[in-house]
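Remarks on the structure that follows.
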2 protein chains.
Amino acid sequence: MMQGHTPIATQINSVSHANDVLVIEWADGKTSRLDAIWLRDHCQMPVSRNPVNGQRLLNVIDIPDDLTIAKVAQLGDDRLEILFLPEKHSSIFTTQWLRDNCYCINAAIDDRSASHKILWQGDSFADSLPISNYTEFTSGSAGKITTLQAFSNYGFALLTGVPCEPGRVLEVIGHFGFNRKTNYGELFEVRTEIDPNNLAYSNLGLGCHTDNPYRDPVPTIQLLHCLSSSAPGGDSILVDGFRAAELLRQENPEHFATLVENWINFRFSDVDADLVSRAPMIETNDLGDVIRVRYNNRSIASVKLPAEKIRAFYAAYRHFGEIIERDSLKIVFRLKPGHVVLFDNTRIMHARTAFSAKGKRHLQGAYADLDGLYSTLNVLKRSA
Amino acid sequence: MMQGHTPIATQINSVSHANDVLVIEWADGKTSRLDAIWLRDHCQMPVSRNPVNGQRLLNVIDIPDDLTIAKVAQLGDDRLEILFLPEKHSSIFTTQWLRDNCYCINAAIDDRSASHKILWQGDSFADSLPISNYTEFTSGSAGKITTLQAFSNYGFALLTGVPCEPGRVLEVIGHFGFNRKTNYGELFEVRTEIDPNNLAYSNLGLGCHTDNPYRDPVPTIQLLHCLSSSAPGGDSILVDGFRAAELLRQENPEHFATLVENWINFRFSDVDADLVSRAPMIETNDLGDVIRVRYNNRSIASVKLPAEKIRAFYAAYRHFGEIIERDSLKIVFRLKPGHVVLFDNTRIMHARTAFSAKGKRHLQGAYADLDGLYSTLNVLKRSA
């Protein structure tokens with residue numbers, strides 16, 4: 001784009017206004033109808049926004065009840081000046097800002113809901129899994145963007161070549177965000193223990209689940225780092241929980257609604273901890289999009305719902321459980337020493353096959369949070 | 001209670017069953033009607049539950065479709081044995097367990113929603129705020145329970161006598177849970193800075209708000225530790241956001257519903273971070289109870305809702321904003337050196353009055369999470 005050239009989408013054909021609304025007809029045929037109070041609340045002038053950090057200085061309750069737009073003027077071809085009464089407050093907006101922020105034209109932001117993600121099933125990665133070498137990941141922004149963008153799209157990514165030394169999983173987290181320490185520690189050991197406080201620390205197979213639904217807030221990212229793996233069995237399985245939830249909705253909308261609308265209890269209790277939560281298995285946003293799933297038969301506590309809803313709940317829960325365990329939804333792979341898998345614990349279900357007590361299988365796991373990862377990705381993409 | 005004596009509530013008058021339901025008439029006149037599938041899923045036998053950690057070994061999809069209750073027998077006066085077909089699976093439940101876990105009789109667990117909390121307003125603490133000495137807090141379980149239970153009830157608590165040394169706020173967190181590190185660090189300095197990246201680090205007054213609504217998951221506990229305070233002004237203000245939300249619901253149910261149903265964008269952006277979320281200002285559970293509030297005019301990003309909802313949204317938002325700033329809802333106090341205030345950032349709004357640039361005001365803040373705090377309280381109460 002040449003300097004001084006205004007792109008077609010931000011060229012204005014006409015501007016008009018009534019007392020309480022500004023109407024912009026854009027050159028590409030689109031229309032913005034912007035309410036006066038929204039415009040005043042979004043004023044970008046230094047008196048309304050701190051110029052250094054962009055934070056709003058204006059309290060919405062200080063906007064006069066009888067706010068009106070008195071005058072609108074075009075300043076050159078890239079700005080509009082709006083005069084608000086009774087304050088006699090003048091706001092100048094760039095046309096670019098108005099276009100980018102107009103609620104009539106632009107869709108909702110990526111709130112990590114299913115409609116912003118690439119849903120997948122077992123055969124979606126026939127060519128290859130989203131996998132990168134740790135050296136690429138750490139050596140510059142391009143490699144990091146590749147991995148974090150795959151994570152954003154698919155809900156998981158794999159790294160190879162992470163040194164097989166205890167604690168390195170925390171170093172991986174440091175490259176994109178922050179560790180979430182819990183009662184399991186900064187990291188936890190996944191290997192066979194005698195009388196484990198959690199079945200994850202046995203050699204049993206584990207069905208598809210999300211971690212720690214009894215924790216609120218749930219840890220939103222999980223990492224597993226393979227340090228050794230000579231025991232037969234112990235393959236890793238991932239399922240896209242968003243895809244599973246959408247299948248449930250397609251196959252039986254009532255079952256889907258039942259799991260959204262009836263919240264259940266989750267609990268984990270041992271000598272040091274007693275964690276309790278009440279939350280839905282499937283969580284949707286205001287647009288009906290799936291934003292989070294929780295599924296973990298081991299830690300569902302006593303189901304307490306109104307008596308007349310128990311049967312409907314179990315019908316829906318069994319249906320969802322059956323979808324989640326369909327082979328057609330699963331990807332199965334083997335974590336080898338030096339591999340790290342990181343996945344969105346609000347979306348991806350994970351499982352493992354049983355493994356032999358003979359031979360070694362030792363993973364280190366840790367939790368982190370999505371806000372840090374997405375922030376890192378957003379900052380890297382600014383200059384990419 | 002004498003050994004061997006069965007309390008009235010767990011004495012059974014009669015037991016009957018049909019194919020798919022068990023009916024217990026309790027001695028106190030209450031009735032449990034327990035569906036077969038619920039009973040089978042909640043089987044407490046070692047084959048269904050790991051005896052060490054209590055985790056469920058049974059997958060709900062493995063329960064036969066044609067499950068029936070074939071026989072029920074009372075074993076003594078404190079247990080019931082149920083035979084399920086076609087598995088020929090026998091489950092023994094104690095009557096105490098059945099009574100405690102029955103969905104017909106028992107209310108939902110404390111999910112930290114408003115109906116499980118003591119809502120308050122400005123005059124609720126006329127006698128004294130929930131305040132304890134740090135030595136009491138750290139010297140035994142009774143003192144810790146006092147503070148954590150006050151926090152659970154009211155959403156905040158105060159400690160005095162915390163040594164005025166940098167970093168001690170992290171030590172306080174270590175007594176009940178885990179620090180949530182963010183892009184602001186393990187802790188953050190609240191004092192006047194030149195060109196602060198966040199207005200919290202200026203001497204401006206701040207309206208009532210919750211922290212970090214642009215973060216998902218939001219940090220659920222905030223702590224502020226006062227290290228010095230000689231500057232005139234800078235008083236602390238707290239408002240019970242649950243009370244504010246309930247007032248909004250009473251005064252205008254449509255406004256309340258508008259803020260629950262229309263999610264908005266929050267954002268914080270500086271050179272190192274770009275944090276974005278989309279969430280409601282008021283969040284309710286499946287029973288309609290308020291479970292979380294988010295309110296922060298500084299970090300509401302461009303409001304993007306369907307055009308026809310913008311005016312209704314602003315009417316509701318202004319109403320809520322006006323309630324939150326009512327003096328009748330506020331408690332105002334001065335943090336003195338050695339004070340720590342800890343509050344539930346999903347419930348309590350905090351604010352401060354402006355303070356003079358002359359004199360010192362230095363707080364250290366840090367975030368933690370509710371799951372750790374409630375777990376600690378639950379474990380301490382087991383033996384209290």
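Identifiers for the structure tokens are assigned positionally: chains receive A, B, ... in sequence, residues are indexed from 1 per chain, and ligands are indexed from 1 in the order shown.
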
Residues of chain A that have any atom at most 7 Å from an atom of chain B: could you tabulate them with the shortest-distance atom pair and the distance in Å to one decimal, using only C-alpha atoms, ordered by chain and increasing number, as a tab-separated table?
residue	atom	partner	partner_atom	distance
A:His42	CA	B:Ser302	CA	7.0
A:Val52	CA	B:Asp195	CA	6.5
A:Asn53	CA	B:Asn197	CA	5.4
A:Gln55	CA	B:Arg298	CA	4.9
A:Arg56	CA	B:Arg298	CA	4.3
A:Leu57	CA	B:Arg298	CA	6.5
A:Asn59	CA	B:Asn297	CA	6.5
A:Val60	CA	B:Arg318	CA	6.1
A:Ile61	CA	B:Arg318	CA	5.3
A:Asn101	CA	B:Ser302	CA	6.2
A:Tyr103	CA	B:Lys304	CA	4.5
A:Cys104	CA	B:Ala307	CA	5.9
A:Ala108	CA	B:Lys304	CA	6.6
A:Asp111	CA	B:Arg278	CA	5.5
A:Phe178	CA	B:Lys181	CA	6.2
A:Arg180	CA	B:Arg180	CA	6.5
A:Lys181	CA	B:Phe178	CA	6.2
A:Thr182	CA	B:Phe178	CA	6.5
A:Asp195	CA	B:Val52	CA	6.5
A:Asn197	CA	B:Asn53	CA	5.3
A:Asn198	CA	B:Asn53	CA	6.4
A:Arg215	CA	B:Asp371	CA	5.8
A:Asp216	CA	B:Asp371	CA	5.6
A:Pro217	CA	B:Pro217	CA	6.4
A:Glu261	CA	B:Asp286	CA	5.8
A:Asn262	CA	B:Asp286	CA	6.2
A:Trp263	CA	B:Asp286	CA	6.3
A:Asp270	CA	B:Asn53	CA	6.6
A:Asp272	CA	B:Val379	CA	6.8
A:Ala273	CA	B:Ser375	CA	5.5
A:Asp274	CA	B:Ser375	CA	4.7
A:Leu275	CA	B:Ser375	CA	5.2
A:Ser277	CA	B:Asp111	CA	6.0
A:Arg278	CA	B:Asp111	CA	5.5
A:Asp286	CA	B:Glu261	CA	5.8
A:Asn297	CA	B:Asn59	CA	6.5
A:Arg298	CA	B:Arg56	CA	4.3
A:Ser299	CA	B:Gln55	CA	6.1
A:Ser302	CA	B:Asn101	CA	6.2
A:Lys304	CA	B:Tyr103	CA	4.5
A:Leu305	CA	B:Tyr103	CA	6.0
A:Pro306	CA	B:Tyr103	CA	6.7
A:Ala307	CA	B:Cys104	CA	5.9
A:Arg318	CA	B:Ile61	CA	5.3
A:Gly321	CA	B:Ile61	CA	6.2
A:Glu322	CA	B:Ile61	CA	6.2
A:Asp371	CA	B:Asp216	CA	5.6
A:Ser375	CA	B:Asp274	CA	4.7
A:Thr376	CA	B:Ala273	CA	6.7
A:Asn378	CA	B:Asp274	CA	6.0
A:Val379	CA	B:Asp274	CA	6.1

Chain A post-superposition (all in-order Cα pairs with chain B) as a compact mmCIF listing (two decimals) with C-alpha atoms, in the first residue's frame:
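Ended up saving to result-v3.txt:
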# COMPACT_ATOMS: atom_id res chain seq x y z
CA MET A 1 -23.30 -40.01 69.29
CA MET A 2 -22.80 -43.43 70.90
CA GLN A 3 -21.06 -46.10 68.92
CA GLY A 4 -23.52 -48.39 67.15
CA HIS A 5 -26.34 -45.87 67.41
CA THR A 6 -27.80 -44.92 64.03
CA PRO A 7 -28.84 -41.27 63.84
CA ILE A 8 -32.49 -40.71 62.97
CA ALA A 9 -31.73 -39.21 59.56
CA THR A 10 -30.08 -42.40 58.35
CA GLN A 11 -32.65 -44.81 59.80
CA ILE A 12 -34.74 -46.46 57.12
CA ASN A 13 -38.47 -47.06 57.51
CA SER A 14 -38.91 -48.99 54.29
CA VAL A 15 -37.14 -49.88 51.07
CA SER A 16 -38.83 -50.86 47.84
CA HIS A 17 -37.74 -51.10 44.25
CA ALA A 18 -38.96 -51.33 40.70
CA ASN A 19 -36.81 -52.34 37.72
CA ASP A 20 -35.20 -48.98 37.41
CA VAL A 21 -35.62 -47.20 40.72
CA LEU A 22 -34.91 -47.70 44.42
CA VAL A 23 -37.24 -45.96 46.87
CA ILE A 24 -36.10 -45.34 50.45
CA GLU A 25 -38.52 -43.96 53.05
CA TRP A 26 -36.35 -42.45 55.79
CA ALA A 27 -37.32 -42.37 59.46
CA ASP A 28 -37.50 -38.57 59.41
CA GLY A 29 -40.19 -38.63 56.72
CA LYS A 30 -37.99 -37.85 53.74
CA THR A 31 -37.94 -39.96 50.58
CA SER A 32 -35.13 -40.88 48.21
CA ARG A 33 -36.07 -42.09 44.72
CA LEU A 34 -32.77 -43.22 43.24
CA ASP A 35 -32.53 -44.22 39.59
CA ALA A 36 -30.81 -47.52 38.83
CA ILE A 37 -28.26 -45.98 36.49
CA TRP A 38 -27.28 -43.36 39.06
CA LEU A 39 -26.83 -46.08 41.69
CA ARG A 40 -24.75 -48.24 39.37
CA ASP A 41 -22.58 -45.29 38.34
CA HIS A 42 -22.04 -44.38 42.01
CA CYS A 43 -21.15 -47.95 43.10
CA GLN A 44 -18.64 -47.76 45.96
CA MET A 45 -17.26 -51.31 45.68
CA PRO A 46 -13.51 -51.82 45.08
CA VAL A 47 -14.20 -53.05 41.54
CA SER A 48 -15.90 -49.71 40.75
CA ARG A 49 -13.80 -47.33 42.83
CA ASN A 50 -10.12 -47.39 43.64
CA PRO A 51 -10.09 -48.00 47.41
CA VAL A 52 -6.98 -45.84 47.95
CA ASN A 53 -7.92 -42.64 46.16
CA GLY A 54 -11.66 -43.08 45.61
CA GLN A 55 -11.41 -42.50 41.87
CA ARG A 56 -14.02 -44.15 39.67
CA LEU A 57 -12.82 -47.21 37.73
CA LEU A 58 -16.05 -47.59 35.79
CA ASN A 59 -16.81 -45.91 32.48
CA VAL A 60 -20.45 -44.85 32.20
CA ILE A 61 -20.63 -46.26 28.67
CA ASP A 62 -19.88 -49.75 30.00
CA ILE A 63 -23.12 -49.86 31.99
CA PRO A 64 -25.55 -52.14 30.10
CA ASP A 65 -28.45 -50.45 28.33
CA ASP A 66 -30.89 -52.89 29.92
CA LEU A 67 -29.72 -52.34 33.48
CA THR A 68 -32.28 -53.29 36.14
CA ILE A 69 -32.40 -53.62 39.91
CA ALA A 70 -33.19 -57.30 40.60
CA LYS A 71 -33.04 -57.36 44.38
CA VAL A 72 -32.47 -55.09 47.37
CA ALA A 73 -31.57 -56.38 50.83
CA GLN A 74 -30.94 -54.57 54.11
CA LEU A 75 -27.70 -55.69 55.78
CA GLY A 76 -28.10 -54.82 59.44
CA ASP A 77 -29.43 -51.30 59.95
CA ASP A 78 -26.66 -49.44 58.22
CA ARG A 79 -26.19 -50.97 54.77
CA LEU A 80 -28.16 -51.88 51.64
CA GLU A 81 -27.14 -54.46 49.06
CA ILE A 82 -28.40 -53.99 45.52
CA LEU A 83 -28.21 -56.64 42.81
CA PHE A 84 -28.03 -55.27 39.27
CA LEU A 85 -28.90 -57.33 36.18
CA PRO A 86 -27.82 -58.33 33.56
CA GLU A 87 -24.32 -57.92 35.04
CA LYS A 88 -25.22 -59.76 38.26
CA HIS A 89 -23.27 -56.98 39.92
CA SER A 90 -23.75 -56.50 43.64
CA SER A 91 -23.27 -53.07 45.23
CA ILE A 92 -23.29 -52.46 48.95
CA PHE A 93 -23.96 -48.86 50.06
CA THR A 94 -24.00 -47.58 53.62
CA THR A 95 -27.24 -45.83 54.51
CA GLN A 96 -25.11 -42.88 55.60
CA TRP A 97 -23.63 -42.60 52.10
CA LEU A 98 -27.05 -42.90 50.45
CA ARG A 99 -28.46 -40.19 52.67
CA ASP A 100 -25.49 -37.86 52.22
CA ASN A 101 -25.36 -38.25 48.46
CA CYS A 102 -29.06 -38.53 47.59
CA TYR A 103 -29.95 -35.98 44.93
CA CYS A 104 -33.54 -35.76 46.17
CA ILE A 105 -32.63 -34.44 49.60
CA ASN A 106 -29.37 -32.58 49.46
CA ALA A 107 -28.83 -29.18 47.99
CA ALA A 108 -26.06 -28.40 45.55
CA ILE A 109 -22.56 -28.06 46.95
CA ASP A 110 -20.89 -24.72 47.57
CA ASP A 111 -19.91 -23.73 44.04
CA ARG A 112 -18.92 -20.27 45.34
CA SER A 113 -22.16 -18.83 43.95
CA ALA A 114 -24.03 -16.01 45.67
CA SER A 115 -26.53 -18.29 47.37
CA HIS A 116 -23.72 -19.95 49.35
CA LYS A 117 -22.20 -16.66 50.47
CA ILE A 118 -23.02 -13.91 52.97
CA LEU A 119 -23.71 -10.84 50.86
CA TRP A 120 -22.83 -7.51 52.43
CA GLN A 121 -22.99 -3.78 51.97
CA GLY A 122 -21.33 -0.72 53.48
CA ASP A 123 -22.92 -0.93 56.93
CA SER A 124 -22.54 -4.70 57.36
CA PHE A 125 -19.25 -4.39 59.22
CA ALA A 126 -20.21 -1.61 61.61
CA ASP A 127 -18.54 -3.44 64.50
CA SER A 128 -15.40 -4.61 62.76
CA LEU A 129 -13.97 -5.88 59.53
CA PRO A 130 -12.90 -9.54 59.26
CA ILE A 131 -9.35 -8.91 60.43
CA SER A 132 -6.77 -11.14 62.08
CA ASN A 133 -3.20 -10.93 63.18
CA TYR A 134 -0.69 -12.66 60.95
CA THR A 135 0.80 -14.49 63.93
CA GLU A 136 -2.60 -16.05 64.69
CA PHE A 137 -3.03 -16.89 61.02
CA THR A 138 0.27 -18.76 60.83
CA SER A 139 0.39 -20.34 64.28
CA GLY A 140 -2.26 -23.02 63.97
CA SER A 141 -5.29 -24.28 62.18
CA ALA A 142 -7.86 -22.32 64.25
CA GLY A 143 -6.47 -18.94 63.22
CA LYS A 144 -6.15 -19.98 59.64
CA ILE A 145 -9.71 -21.33 59.55
CA THR A 146 -11.00 -18.00 60.93
CA THR A 147 -9.42 -15.99 58.15
CA LEU A 148 -10.15 -18.42 55.32
CA GLN A 149 -13.75 -18.91 56.45
CA ALA A 150 -14.26 -15.14 56.53
CA PHE A 151 -12.84 -15.02 53.03
CA SER A 152 -15.24 -17.78 51.96
CA ASN A 153 -18.23 -16.00 53.52
CA TYR A 154 -17.53 -12.37 52.63
CA GLY A 155 -15.08 -12.68 49.75
CA PHE A 156 -12.30 -10.85 51.59
CA ALA A 157 -10.23 -10.79 54.77
CA LEU A 158 -7.55 -8.61 56.30
CA LEU A 159 -4.32 -9.53 58.02
CA THR A 160 -2.27 -7.21 60.22
CA GLY A 161 1.33 -7.51 61.31
CA VAL A 162 2.72 -8.95 58.11
CA PRO A 163 6.38 -7.88 58.11
CA CYS A 164 6.94 -4.82 55.89
CA GLU A 165 9.50 -6.50 53.70
CA PRO A 166 9.34 -6.95 49.95
CA GLY A 167 8.14 -10.37 48.84
CA ARG A 168 6.29 -11.25 52.04
CA VAL A 169 3.00 -11.29 50.12
CA LEU A 170 4.22 -14.48 48.45
CA GLU A 171 4.84 -16.02 51.86
CA VAL A 172 1.23 -15.23 52.81
CA ILE A 173 0.03 -17.06 49.68
CA GLY A 174 2.18 -20.05 50.58
CA HIS A 175 0.11 -20.49 53.75
CA PHE A 176 -3.07 -21.28 51.82
CA GLY A 177 -2.34 -21.89 48.16
CA PHE A 178 -0.27 -21.09 45.13
CA ASN A 179 0.89 -17.92 43.44
CA ARG A 180 -0.39 -17.26 39.93
CA LYS A 181 2.48 -15.74 38.01
CA THR A 182 1.51 -13.48 35.09
CA ASN A 183 3.20 -11.04 32.74
CA TYR A 184 3.22 -8.64 35.72
CA GLY A 185 5.53 -11.09 37.49
CA GLU A 186 5.08 -13.21 40.61
CA LEU A 187 4.18 -9.99 42.34
CA PHE A 188 3.71 -6.43 41.17
CA GLU A 189 4.57 -3.06 42.65
CA VAL A 190 1.70 -0.63 43.18
CA ARG A 191 3.28 2.82 43.44
CA THR A 192 3.58 5.89 41.31
CA GLU A 193 5.52 5.31 38.11
CA ILE A 194 6.31 7.65 35.22
CA ASP A 195 4.34 6.58 32.10
CA PRO A 196 2.99 3.45 33.76
CA ASN A 197 1.95 0.55 31.51
CA ASN A 198 -1.13 0.28 33.73
CA LEU A 199 -3.00 3.09 35.49
CA ALA A 200 -2.87 1.08 38.70
CA TYR A 201 0.76 2.17 38.82
CA SER A 202 -0.10 5.88 38.90
CA ASN A 203 -1.50 8.05 41.70
CA LEU A 204 -4.91 8.38 40.02
CA GLY A 205 -8.02 7.29 41.83
CA LEU A 206 -9.42 4.08 40.40
CA GLY A 207 -13.13 3.31 40.20
CA CYS A 208 -14.48 0.02 41.51
CA HIS A 209 -13.25 -2.83 39.36
CA THR A 210 -12.14 -6.41 39.26
CA ASP A 211 -8.63 -7.16 38.05
CA ASN A 212 -7.58 -8.64 34.74
CA PRO A 213 -10.91 -9.43 33.08
CA TYR A 214 -8.83 -9.63 29.88
CA ARG A 215 -7.15 -12.74 31.26
CA ASP A 216 -8.76 -16.14 30.83
CA PRO A 217 -8.68 -17.75 33.29
CA VAL A 218 -8.93 -14.63 35.44
CA PRO A 219 -6.73 -14.73 38.57
CA THR A 220 -9.31 -15.57 41.20
CA ILE A 221 -7.62 -14.13 44.31
CA GLN A 222 -5.79 -10.86 44.69
CA LEU A 223 -3.60 -9.83 47.63
CA LEU A 224 -2.32 -6.36 48.38
CA HIS A 225 0.40 -5.90 51.00
CA CYS A 226 1.04 -2.39 52.29
CA LEU A 227 4.75 -1.66 52.77
CA SER A 228 4.48 2.08 53.28
CA SER A 229 1.72 4.64 53.30
CA SER A 230 2.49 8.22 54.20
CA ALA A 231 0.89 9.90 51.17
CA PRO A 232 -2.40 11.69 51.85
CA GLY A 233 -5.27 9.84 50.14
CA GLY A 234 -5.06 6.36 48.66
CA ASP A 235 -7.81 4.86 50.83
CA SER A 236 -8.98 1.38 49.90
CA ILE A 237 -12.56 0.65 48.90
CA LEU A 238 -14.27 -2.72 48.52
CA VAL A 239 -17.72 -3.52 47.12
CA ASP A 240 -19.46 -6.90 47.15
CA GLY A 241 -19.99 -7.49 43.44
CA PHE A 242 -22.46 -10.31 44.17
CA ARG A 243 -24.57 -7.89 46.21
CA ALA A 244 -24.35 -5.32 43.40
CA ALA A 245 -25.45 -7.92 40.85
CA GLU A 246 -28.38 -8.99 43.04
CA LEU A 247 -29.44 -5.35 43.41
CA LEU A 248 -29.35 -5.00 39.63
CA ARG A 249 -31.54 -8.10 39.31
CA GLN A 250 -34.03 -6.73 41.88
CA GLU A 251 -34.18 -3.27 40.35
CA ASN A 252 -34.34 -4.36 36.73
CA PRO A 253 -34.35 -8.05 35.78
CA GLU A 254 -33.96 -7.19 32.10
CA HIS A 255 -30.79 -5.23 32.76
CA PHE A 256 -29.46 -8.17 34.75
CA ALA A 257 -30.28 -10.60 31.94
CA THR A 258 -28.68 -8.28 29.37
CA LEU A 259 -25.33 -8.37 31.18
CA VAL A 260 -25.50 -12.15 31.60
CA GLU A 261 -26.44 -12.83 27.99
CA ASN A 262 -24.29 -10.37 26.06
CA TRP A 263 -20.60 -11.07 26.31
CA ILE A 264 -18.08 -8.33 25.72
CA ASN A 265 -14.42 -8.02 24.82
CA PHE A 266 -11.70 -7.16 27.29
CA ARG A 267 -8.13 -6.34 26.34
CA PHE A 268 -4.80 -5.31 27.77
CA SER A 269 -1.93 -4.54 25.45
CA ASP A 270 1.57 -3.26 26.04
CA VAL A 271 4.95 -3.93 24.46
CA ASP A 272 5.26 -7.39 26.05
CA ALA A 273 1.68 -8.60 26.23
CA ASP A 274 -1.53 -8.67 24.27
CA LEU A 275 -4.27 -10.25 26.35
CA VAL A 276 -7.78 -10.62 24.98
CA SER A 277 -10.90 -12.24 26.38
CA ARG A 278 -14.60 -12.36 25.65
CA ALA A 279 -16.78 -12.90 28.69
CA PRO A 280 -19.91 -11.63 30.43
CA MET A 281 -19.91 -8.95 33.14
CA ILE A 282 -22.20 -11.15 35.21
CA GLU A 283 -21.92 -14.93 35.05
CA THR A 284 -24.59 -17.24 36.44
CA ASN A 285 -24.70 -20.98 37.01
CA ASP A 286 -27.38 -23.41 35.81
CA LEU A 287 -29.59 -22.43 38.75
CA GLY A 288 -29.44 -18.73 37.88
CA ASP A 289 -27.14 -17.93 40.82
CA VAL A 290 -24.40 -15.38 40.28
CA ILE A 291 -20.99 -17.09 40.26
CA ARG A 292 -18.63 -14.45 38.85
CA VAL A 293 -18.55 -10.77 38.05
CA ARG A 294 -16.13 -8.85 35.83
CA TYR A 295 -16.14 -5.09 35.86
CA ASN A 296 -13.33 -2.88 34.65
CA ASN A 297 -14.06 0.13 32.49
CA ARG A 298 -10.34 0.65 31.80
CA SER A 299 -9.98 -2.62 29.98
CA ILE A 300 -13.26 -3.10 28.16
CA ALA A 301 -12.21 -3.31 24.51
CA SER A 302 -14.46 -2.33 21.63
CA VAL A 303 -17.94 -3.52 22.46
CA LYS A 304 -19.08 -5.74 19.59
CA LEU A 305 -22.66 -6.86 19.89
CA PRO A 306 -25.44 -7.11 17.33
CA ALA A 307 -26.41 -3.52 16.44
CA GLU A 308 -29.90 -3.87 17.89
CA LYS A 309 -28.49 -4.78 21.31
CA ILE A 310 -26.09 -1.87 21.78
CA ARG A 311 -28.54 0.51 23.45
CA ALA A 312 -29.96 -2.12 25.77
CA PHE A 313 -26.44 -3.14 26.69
CA TYR A 314 -25.42 0.41 27.57
CA ALA A 315 -28.57 0.97 29.62
CA ALA A 316 -27.78 -2.17 31.64
CA TYR A 317 -24.06 -1.42 31.89
CA ARG A 318 -24.71 2.14 33.13
CA HIS A 319 -27.21 0.86 35.68
CA PHE A 320 -24.73 -1.71 37.00
CA GLY A 321 -21.95 0.89 37.02
CA GLU A 322 -24.15 3.26 39.01
CA ILE A 323 -24.98 0.57 41.60
CA ILE A 324 -21.31 -0.34 42.00
CA GLU A 325 -20.38 3.26 42.79
CA ARG A 326 -23.13 3.75 45.41
CA ASP A 327 -21.59 4.86 48.68
CA SER A 328 -24.07 2.63 50.54
CA LEU A 329 -22.34 -0.45 49.11
CA LYS A 330 -18.76 0.56 49.86
CA ILE A 331 -16.51 -0.17 52.75
CA VAL A 332 -13.64 2.30 52.98
CA PHE A 333 -10.53 1.69 55.04
CA ARG A 334 -6.90 2.57 55.07
CA LEU A 335 -4.26 -0.07 54.45
CA LYS A 336 -1.48 0.61 56.90
CA PRO A 337 2.04 -0.76 56.75
CA GLY A 338 1.92 -4.46 57.59
CA HIS A 339 -1.66 -4.90 56.39
CA VAL A 340 -2.59 -7.43 53.74
CA VAL A 341 -6.03 -7.48 52.16
CA LEU A 342 -6.92 -10.62 50.23
CA PHE A 343 -10.08 -10.78 48.17
CA ASP A 344 -11.97 -12.97 45.73
CA ASN A 345 -11.39 -11.33 42.36
CA THR A 346 -14.42 -13.13 40.88
CA ARG A 347 -16.71 -11.44 43.43
CA ILE A 348 -15.24 -8.36 45.11
CA MET A 349 -14.65 -5.07 43.36
CA HIS A 350 -11.89 -2.87 44.66
CA ALA A 351 -11.03 0.78 44.22
CA ARG A 352 -8.81 3.45 45.70
CA THR A 353 -9.03 7.16 46.14
CA ALA A 354 -6.39 9.33 44.46
CA PHE A 355 -3.29 9.97 46.50
CA SER A 356 -0.80 12.77 46.71
CA ALA A 357 2.39 12.51 44.72
CA LYS A 358 4.07 13.83 47.87
CA GLY A 359 4.72 11.16 50.46
CA LYS A 360 5.07 7.47 49.80
CA ARG A 361 2.51 4.80 49.07
CA HIS A 362 3.90 1.42 48.21
CA LEU A 363 1.92 -1.80 47.99
CA GLN A 364 2.98 -5.15 46.63
CA GLY A 365 0.25 -7.14 44.96
CA ALA A 366 0.06 -10.75 43.86
CA TYR A 367 -2.46 -13.19 42.48
CA ALA A 368 -3.45 -16.66 43.62
CA ASP A 369 -6.36 -18.99 42.95
CA LEU A 370 -9.50 -19.97 44.83
CA ASP A 371 -9.14 -23.72 44.36
CA GLY A 372 -6.04 -23.83 46.56
CA LEU A 373 -7.60 -21.64 49.25
CA TYR A 374 -10.83 -23.63 49.46
CA SER A 375 -8.91 -26.91 49.44
CA THR A 376 -6.81 -25.73 52.38
CA LEU A 377 -9.94 -24.64 54.25
CA ASN A 378 -11.66 -27.98 53.54
CA VAL A 379 -8.68 -30.00 54.76
CA LEU A 380 -8.28 -27.90 57.93
CA LYS A 381 -11.98 -28.26 58.75
CA ARG A 382 -11.78 -32.07 58.58
CA SER A 383 -9.99 -32.16 61.92
CA ALA A 384 -11.32 -28.94 63.44

Expected answer as a PyMOL selection string: helix (DSSP H, G or I) residues in region 98-340 of chain B | chain B and resi 98-101+114-116+122-125+134-139+141-154+168-174+199-201+241-251+253-261+297-299+307-324+327-329
